[in-house]
Structure formats: structure tokens, C-alpha cells
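Asks: One structure coming up, written as C-alpha cells, with questions to follow.
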Amino acid sequence: VPELGRALGACSSPGCRAVLGHPPAVPPAPAALSHEQWLLLSQLLQHHEVLAPERGVVLAPDGSSVALAPLLMGMEVGLKRAAGWPGPNLQPPLDPLYAVTISEALGTSFLVAHGGEGNQTTLGPDGCWDDVDDPQNYTLLGPPSPIPDAVANGAMDGVLLGAQLAQGPIPLGDLLRSYYGMGNGTQERRPPSSYRRQGFRALAGPGKLQEEVVAMLKVLRVLPPAQELLEKVGPEDVVAIAQRAARDFTELYVECPPIVPRCMWGAQPYRGTPKPLALPLSSIFIHHTLEPSSPCLTFSSCTRALRSIQRFHQDVRHWDDIGYSFVVGSDGYLYQGRGWHWVGAHTKGHNSRGYGVGYVGDFSTTLPDPEAISLVKDQFLSCAVKTGKLQPNYTLRGHRQMGHTECPGNALFQEIESWHGFK
């Protein structure tokens with residue numbers, strides 16, 4: 001399957017070909033596939049990054065958008081390693097797993113920005129599907145970089161699954177079904193793919209990622225078209241570019257939590273004119289939704305919960321939109337409510353001072369699972385500070401401290417009393 005992907009164009013960059021060699025000839029359509037299936041595969045895997053960065057992206061059952069090219073190439077490296085492949089004979093030596101998934105795109109993106117005006121987009125953006133129940137078209141939400149969010153997801157998955165395959169061959173169908181949690185809403189626990197950021201952090205800390213970007217930039221010195229970009233870039237600049245690339249990628253895709261945009265959970269439009277927040281804010285207010293009373297464990301159940309909450313807030317309470325700034329699922333994701341930039345309706349009298357973060361569920365007597373707690377406590381709060389959305393000396397409070405309510409429930413309130421910034 002990975003070699004088929006390479007034949008169809010998934011490995012068309014100079015660095016990828018230097019590692020895996022020139023692609024094999026495109027085979028005839030396999031007898032097991034219908035004409036429509038073969039046509040779909042051919043269109044998904046053709047290399048169109050410059051003209052259409054959203055090409056080659058699929059919606060995984062866990063709700064994440066994944067670029068197939070870096071995923072398949074990472075898997076091919078893993079399979080080759082399991083078969084005893086010694087790796088490419090390149091100077092300096094590259095780790096082929098990172099070379100075909102992330103280091104070339106990352107190095108090239110920040111190299112172009114280094115040589116330009118400094119305002120080029122280096123990472124992102126996210127994107128949205130036209131219909132998450134029947135996804136056909138994926139559209140980016142802003143100016144494209146060489147590493148939109150779907151490419152970052154595919155690259156991290158390629159590293160993780162490639163490393164797993166290198167330990168011993170596994171049927172690829174079984175591996176992908178297990179990793180992504182096939183069934184979209186039927187599985188009882190989070191699929192491994194929802195832990196991709198933690199897994200990638202374990203395999204590729206900032207030191208490893210920076211080291212691989214440096215090595216790839218040195219290899220690209222002799223490969224067109226990057227050769228021209230590197231002509232006037234000295235060794236110290238290469239290290240600086242790689243350091244920034246690894247730092248920014250790690251901050252955005254490893255240390256910060258994944259946030260599902262409104263268009264991915266089926267949000268209705270804002271009613272009226274939203275009011276902008278004056279950033280950075282000084283406060284965080286923790287809530288629970290009470291209804292739905294059960295935590296949502298899958299992408300599909302969490303999106304249903306978000307739509308239900310928004311309907312209640314708009315149609316029953318007659319608010320302009322869902323009140324929370326962000327909503328926390330127990331599926332590994334945060335969901336964008338009013339988001340970073342707009343005043344919410346979560347904590348009466350204090351909406352313009354802070355973000356309202358609501359956990360899906362009733363946490364009067366039980367706690368969210370440890371990962372859902374960590375998503376906010378260890379990732380969201382530090383990310384908000386690092387990105388300038390929240391003041392470093394922020395205060396954190398439960399909703400009940402600001403009004404007559406039991407929110408966020410006794411159990412969750414006792415938990416947040418130990419969090420940094422609680423007052």
C-alpha cells in the first residue's frame with residue numbers, strides 16, 4: 001500500500017526521493033478495486049501541494065483531518081526497517097522516518113520564511129469539511145503554508161506508525177483500524193490517534209526534531225530546487241532556522257492542545273455582532289455543562305453535545321451563540337465555542353475579563369478523566385499564556401465563585417482548587 005502511494009505521487013519531493021528512491025511505475029488498477037475507488041486513490045495521492053494543499057486529505061474517524069502522503073511514507077520506512085533495510089546512504093546521515101514525514105517540509109517552510117520578508121505563513125492553517133457525516137471537500141481556513149494542520153497530523157501519525165511497524169510487520173488494515181478507532185462513535189474508549197501529540201513528543205522532543213531539520217537542510221544543499229535557497233545560508237543560519245522550526249512546531253502541535261474549529265462540529269452562525277476581547281485576558285472561569293450529563297467520549301458524540309448546547313443557549317436562553325469560549329470533550333479535543341477573540345456569555349458580569357471553559361458532563365460527584373483534566377490544566381492554560389491570549393499572572397476560578405450556581409460541580413471545583421492560578 002505505501003509503495004502504491006509512492007507510485008501515485010505521495011513521495012514527489014526531492015528529500016523524500018533521496019531517501020526512498022524514485023517511485024515505481026504506476027501499476028494497473030488492482031482487480032480488487034472498482035474504477036471509482038481507483039480514481040479516488042489516484043486523485044488523493046497526486047502531489048498538488050502548490051496548487052491545492054488540501055488535496056490528499058482524509059477525515060479520520062476520530063475527527064482529525066490527515067494528509068495521506070506523510071502517513072504512507074512513514075509507514076513505508078517502518079516496513080522497510082522491519083525487513084532489514086539499512087537506510088539511505090546520505091551525508092549527513094538522516095533518520096529516514098523524519099525525513100519522509102516532517103523534516104523536509106518543516107525545514108523548507110522556515111527556510112523560505114527566513115529568506116523572505118518574514119511574514120510568510122510557516123505553519124497551518126486548520127481546515128474544515130463540507131459535511132463531517134459525508135465528507136467530500138476540505139477547505140483551508142486561511143493562507144496555506146507547506147504544513148497545514150492536516151499535514152502535521154499525517155506527519156506525526158507517520159512517525160508513530162512507522163516506528164510501530166519497524167518493530168514488526170502488522171497488517172496495515174488492522175493497524176489503521178486500531179489506530180484511528182474505526183466506527184466513528186461506536187468505540188468505548190479514545191482511539192490511539194487522539195494521543196498523537198503525546199506520542200510524538202515521546203519520540204521526537206525538540207532536540208531530536210531540530211537535529212533532523214538541520215540534517216535535512218544540509219542534504220537539500222545539493223538537491224534542486226532548495227539548492228538555490230541555501231546558497232547564501234551559512235551553517236549558523238541553518239541551525240537557527242532549524243531551532244525556530246522545531247520550537248514553533250512543538251509549541252503549536254505538541255504542547256498546545258488540538259482545538260476543533262466551529263465548522264467541524266456544525267456550529268450555527270452567531271446571531272448579531274460579536275464583541276472583540278482586549279487581549280491578553282486576566283482570568284479563566286471553569287464550568288461544567290450539567291446537560292449533557294455524561295462526558296462525551298468520541299468525536300461524533302462530542303459534536304452532538306456541542307450542537308445541543310448551542311441550541312439551548314440560542315433558542316432557550318436567547319443568547320447570540322454558545323456561551324462558552326471553549327468546550328472540553330473527553331475524546332482528547334477542545335472545541336471552539338466563541339474562541340480566543342470574542343466576548344462570551346459564560347460568567348455574568350465577567351465575560352469580557354476571561355475565557356469560559358466548560359467540561360461536557362455533570363461533575364458534581366465524579367471527575368472528568370485524567371486526560372481531560374490535563375488537557376486544560378497542563379496544555380490549554382500554558383498555551384494561552386505562550387501565545388499571548390492570557391496574562392502570565394492570570395487568576396482561575398470556578399463559576400460558583402462568581403454567581404449563585406453549583407457549577408462546575410463539587411468534584412470538579414475541588415479539583416481546580418489545586419491548579420495554578422486558582423484564587
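Letters A, B, ... go to the chains of the C-alpha cells in the order shown; residues in each chain start at 1; ligands are counted from 1 in the same order.
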Tell me which protein, DNA and RNA residues are within 9 Å of Val159 of chain A, counting only C-alpha atoms, leaving out same-chain ones fewer than 6 positions away, and put them as a PDB file with N, CA and C atoms, in the first residue's frame.
Replies:
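Printed below is out_34.pdb as written:
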```pdb
ATOM      1  N   PRO A  70       2.453  11.979   3.997  1.00  0.00           N
ATOM      2  CA  PRO A  70       3.433  11.708   5.058  1.00  0.00           C
ATOM      3  C   PRO A  70       3.078  10.480   5.884  1.00  0.00           C
ATOM      4  N   LEU A  71       1.785  10.184   6.011  1.00  0.00           N
ATOM      5  CA  LEU A  71       1.378   8.978   6.744  1.00  0.00           C
ATOM      6  C   LEU A  71       1.883   7.727   6.036  1.00  0.00           C
ATOM      7  N   GLY A  74       5.817   7.408   6.023  1.00  0.00           N
ATOM      8  CA  GLY A  74       6.332   6.945   7.306  1.00  0.00           C
ATOM      9  C   GLY A  74       6.127   5.458   7.491  1.00  0.00           C
ATOM     10  N   MET A  75       4.973   4.967   7.033  1.00  0.00           N
ATOM     11  CA  MET A  75       4.692   3.541   7.136  1.00  0.00           C
ATOM     12  C   MET A  75       5.626   2.724   6.243  1.00  0.00           C
ATOM     13  N   GLY A  78       8.903   2.356   7.985  1.00  0.00           N
ATOM     14  CA  GLY A  78       8.807   1.361   9.048  1.00  0.00           C
ATOM     15  C   GLY A  78       8.842  -0.053   8.521  1.00  0.00           C
ATOM     16  N   LEU A  97      12.793   8.129   8.841  1.00  0.00           N
ATOM     17  CA  LEU A  97      11.415   8.257   9.288  1.00  0.00           C
ATOM     18  C   LEU A  97      10.993   9.723   9.364  1.00  0.00           C
ATOM     19  N   TYR A  98      11.880  10.589   9.862  1.00  0.00           N
ATOM     20  CA  TYR A  98      11.566  12.015   9.950  1.00  0.00           C
ATOM     21  C   TYR A  98      11.745  12.696   8.600  1.00  0.00           C
ATOM     22  N   THR A 101       8.557  12.328   6.503  1.00  0.00           N
ATOM     23  CA  THR A 101       7.303  12.773   7.112  1.00  0.00           C
ATOM     24  C   THR A 101       7.280  14.275   7.386  1.00  0.00           C
ATOM     25  N   ILE A 102       8.297  14.802   8.079  1.00  0.00           N
ATOM     26  CA  ILE A 102       8.174  16.162   8.577  1.00  0.00           C
ATOM     27  C   ILE A 102       9.390  17.056   8.366  1.00  0.00           C
ATOM     28  N   PHE A 200       4.055  11.688  19.807  1.00  0.00           N
ATOM     29  CA  PHE A 200       5.101  12.345  19.028  1.00  0.00           C
ATOM     30  C   PHE A 200       6.104  13.019  19.950  1.00  0.00           C
ATOM     31  N   LEU A 203       8.617  10.512  21.108  1.00  0.00           N
ATOM     32  CA  LEU A 203       9.584  10.053  20.103  1.00  0.00           C
ATOM     33  C   LEU A 203      10.478  11.169  19.584  1.00  0.00           C
ATOM     34  N   ALA A 204       9.959  12.383  19.542  1.00  0.00           N
ATOM     35  CA  ALA A 204      10.698  13.481  18.900  1.00  0.00           C
ATOM     36  C   ALA A 204      10.603  14.741  19.738  1.00  0.00           C
TER      37      ALA A 204
END
```
Asks: Hey, which of A:Ser308, A:Ser178, A:Thr139, A:Gln314 ends up closest to Ser194 of chain A? Count only C-alpha atoms.
Replies: A:Ser178
Asks: Tell me which protein, DNA and RNA residues are within 10 Å of Ala10 of chain A, counting only C-alpha atoms, leaving out same-chain ones fewer than 2 positions away, and put them as a VMD selection string.
Replies: chain A and resid 2 to 8 12 to 13 16 23 42 44 to 48 56 67 to 73
Asks: Okay, now the selection with N, CA, C and O atoms, as an mmCIF file, in the first residue's frame?
Replies:
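The resulting selection33.cif:
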```cif
data_model
loop_
_atom_site.group_PDB
_atom_site.id
_atom_site.type_symbol
_atom_site.label_atom_id
_atom_site.label_comp_id
_atom_site.auth_asym_id
_atom_site.auth_seq_id
_atom_site.Cartn_x
_atom_site.Cartn_y
_atom_site.Cartn_z
ATOM 1 N N PRO A 2 1.893 1.384 0.874
ATOM 2 C CA PRO A 2 2.726 2.597 0.796
ATOM 3 C C PRO A 2 3.440 2.747 -0.549
ATOM 4 O O PRO A 2 3.566 3.863 -1.066
ATOM 5 N N GLU A 3 3.903 1.636 -1.127
ATOM 6 C CA GLU A 3 4.567 1.737 -2.432
ATOM 7 C C GLU A 3 3.585 2.175 -3.514
ATOM 8 O O GLU A 3 3.950 2.902 -4.438
ATOM 9 N N LEU A 4 2.342 1.747 -3.405
ATOM 10 C CA LEU A 4 1.311 2.211 -4.330
ATOM 11 C C LEU A 4 1.132 3.719 -4.181
ATOM 12 O O LEU A 4 1.025 4.444 -5.168
ATOM 13 N N GLY A 5 1.119 4.188 -2.937
ATOM 14 C CA GLY A 5 1.021 5.618 -2.704
ATOM 15 C C GLY A 5 2.177 6.366 -3.336
ATOM 16 O O GLY A 5 2.006 7.434 -3.934
ATOM 17 N N ARG A 6 3.383 5.798 -3.212
ATOM 18 C CA ARG A 6 4.553 6.459 -3.800
ATOM 19 C C ARG A 6 4.459 6.476 -5.315
ATOM 20 O O ARG A 6 4.809 7.463 -5.973
ATOM 21 N N ALA A 7 3.982 5.380 -5.907
ATOM 22 C CA ALA A 7 3.820 5.337 -7.357
ATOM 23 C C ALA A 7 2.831 6.391 -7.842
ATOM 24 O O ALA A 7 2.994 6.963 -8.915
ATOM 25 N N LEU A 8 1.819 6.675 -7.013
ATOM 26 C CA LEU A 8 0.790 7.633 -7.407
ATOM 27 C C LEU A 8 1.158 9.081 -7.076
ATOM 28 O O LEU A 8 0.376 9.978 -7.323
ATOM 29 N N SER A 12 6.952 12.888 -3.839
ATOM 30 C CA SER A 12 7.442 13.594 -5.022
ATOM 31 C C SER A 12 8.433 14.697 -4.695
ATOM 32 O O SER A 12 8.959 15.335 -5.589
ATOM 33 N N SER A 13 8.705 14.927 -3.413
ATOM 34 C CA SER A 13 9.654 15.978 -3.050
ATOM 35 C C SER A 13 11.087 15.457 -3.180
ATOM 36 O O SER A 13 11.334 14.248 -3.090
ATOM 37 N N CYS A 16 12.290 13.334 -0.064
ATOM 38 C CA CYS A 16 11.644 12.031 0.044
ATOM 39 C C CYS A 16 12.219 11.064 -0.978
ATOM 40 O O CYS A 16 12.501 9.904 -0.670
ATOM 41 N N PRO A 23 10.110 6.726 -7.556
ATOM 42 C CA PRO A 23 8.926 5.884 -7.363
ATOM 43 C C PRO A 23 8.822 4.803 -8.429
ATOM 44 O O PRO A 23 9.305 4.978 -9.552
ATOM 45 N N SER A 42 -6.155 7.612 -6.836
ATOM 46 C CA SER A 42 -5.264 8.362 -7.728
ATOM 47 C C SER A 42 -5.353 9.859 -7.458
ATOM 48 O O SER A 42 -4.345 10.563 -7.406
ATOM 49 N N LEU A 44 -6.427 11.322 -4.640
ATOM 50 C CA LEU A 44 -5.984 11.652 -3.283
ATOM 51 C C LEU A 44 -4.470 11.745 -3.183
ATOM 52 O O LEU A 44 -3.941 12.556 -2.431
ATOM 53 N N LEU A 45 -3.765 10.896 -3.923
ATOM 54 C CA LEU A 45 -2.322 10.772 -3.711
ATOM 55 C C LEU A 45 -1.482 11.547 -4.703
ATOM 56 O O LEU A 45 -0.262 11.583 -4.587
ATOM 57 N N GLN A 46 -2.104 12.163 -5.699
ATOM 58 C CA GLN A 46 -1.324 13.004 -6.601
ATOM 59 C C GLN A 46 -0.784 14.196 -5.836
ATOM 60 O O GLN A 46 -1.457 14.749 -4.984
ATOM 61 N N HIS A 47 0.440 14.582 -6.161
ATOM 62 C CA HIS A 47 1.111 15.658 -5.419
ATOM 63 C C HIS A 47 0.681 17.005 -5.975
ATOM 64 O O HIS A 47 1.025 17.366 -7.099
ATOM 65 N N HIS A 48 -0.115 17.746 -5.192
ATOM 66 C CA HIS A 48 -0.606 19.052 -5.640
ATOM 67 C C HIS A 48 -0.433 20.086 -4.545
ATOM 68 O O HIS A 48 -1.282 20.943 -4.350
ATOM 69 N N GLY A 56 -5.411 15.302 -1.075
ATOM 70 C CA GLY A 56 -4.758 14.206 -0.375
ATOM 71 C C GLY A 56 -5.046 14.155 1.101
ATOM 72 O O GLY A 56 -4.310 13.543 1.865
ATOM 73 N N ALA A 67 -3.350 14.191 6.242
ATOM 74 C CA ALA A 67 -2.767 14.102 4.910
ATOM 75 C C ALA A 67 -2.179 12.707 4.713
ATOM 76 O O ALA A 67 -1.414 12.227 5.549
ATOM 77 N N LEU A 68 -2.509 12.075 3.606
ATOM 78 C CA LEU A 68 -2.097 10.688 3.383
ATOM 79 C C LEU A 68 -0.616 10.539 3.057
ATOM 80 O O LEU A 68 0.002 9.545 3.437
ATOM 81 N N ALA A 69 -0.035 11.518 2.342
ATOM 82 C CA ALA A 69 1.333 11.342 1.861
ATOM 83 C C ALA A 69 2.336 11.099 2.993
ATOM 84 O O ALA A 69 3.045 10.083 2.985
ATOM 85 N N PRO A 70 2.453 11.979 3.997
ATOM 86 C CA PRO A 70 3.433 11.708 5.058
ATOM 87 C C PRO A 70 3.078 10.480 5.884
ATOM 88 O O PRO A 70 3.965 9.783 6.378
ATOM 89 N N LEU A 71 1.785 10.184 6.011
ATOM 90 C CA LEU A 71 1.378 8.978 6.744
ATOM 91 C C LEU A 71 1.883 7.727 6.036
ATOM 92 O O LEU A 71 2.527 6.856 6.643
ATOM 93 N N LEU A 72 1.631 7.627 4.729
ATOM 94 C CA LEU A 72 2.030 6.434 3.988
ATOM 95 C C LEU A 72 3.546 6.304 3.888
ATOM 96 O O LEU A 72 4.094 5.204 3.964
ATOM 97 N N MET A 73 4.238 7.431 3.716
ATOM 98 C CA MET A 73 5.691 7.353 3.581
ATOM 99 C C MET A 73 6.347 6.935 4.900
ATOM 100 O O MET A 73 7.323 6.193 4.913
#
```
Asks: My list of candidates is A:Val26, A:Ala150, A:Ile284, A:Val254. Which is closest to Val66 of chain A when distances are computed with only C-alpha atoms?
Replies: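 Among the listed residues, the smallest separation from Val66 of chain A belongs to A:Ala150.
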Asks: Report, in Å to a single decimal, how far apart atom CA of Glu255 of chain A and atom CA of Gly361 of chain A are.
Replies: 25.1 Å
Asks: Taking into account only C-alpha atoms, which residue in the set A:Asp362, A:Asp134, A:Glu251, A:Asp369 is nearest to Ala384 of chain A?
Replies: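 Among the listed residues, A:Glu251 lies closest to Ala384 of chain A.
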Asks: Atom CA of Arg244 of chain A and atom CA of Arg201 of chain A are how many Å apart?
Replies: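 If I compute the distance from atom CA of Arg244 of chain A to atom CA of Arg201 of chain A, I get 16.6 Å.
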Asks: Dump as JSON lines the rows for residues of segment 15-79 of chain A within 12 Å of segment 89-93 of chain A: closest atom pair and distance in Å with one decimal, only C-alpha atoms counted, ordered by chain and rising residue number.
Replies:
```
{"residue": "A:Gly15", "atom": "CA", "partner": "A:Leu90", "partner_atom": "CA", "distance": 10.6}
{"residue": "A:Arg17", "atom": "CA", "partner": "A:Leu90", "partner_atom": "CA", "distance": 11.8}
{"residue": "A:Ala18", "atom": "CA", "partner": "A:Leu90", "partner_atom": "CA", "distance": 8.1}
{"residue": "A:Val19", "atom": "CA", "partner": "A:Leu90", "partner_atom": "CA", "distance": 8.1}
{"residue": "A:Leu20", "atom": "CA", "partner": "A:Asn89", "partner_atom": "CA", "distance": 10.6}
{"residue": "A:Gly21", "atom": "CA", "partner": "A:Asn89", "partner_atom": "CA", "distance": 11.0}
```
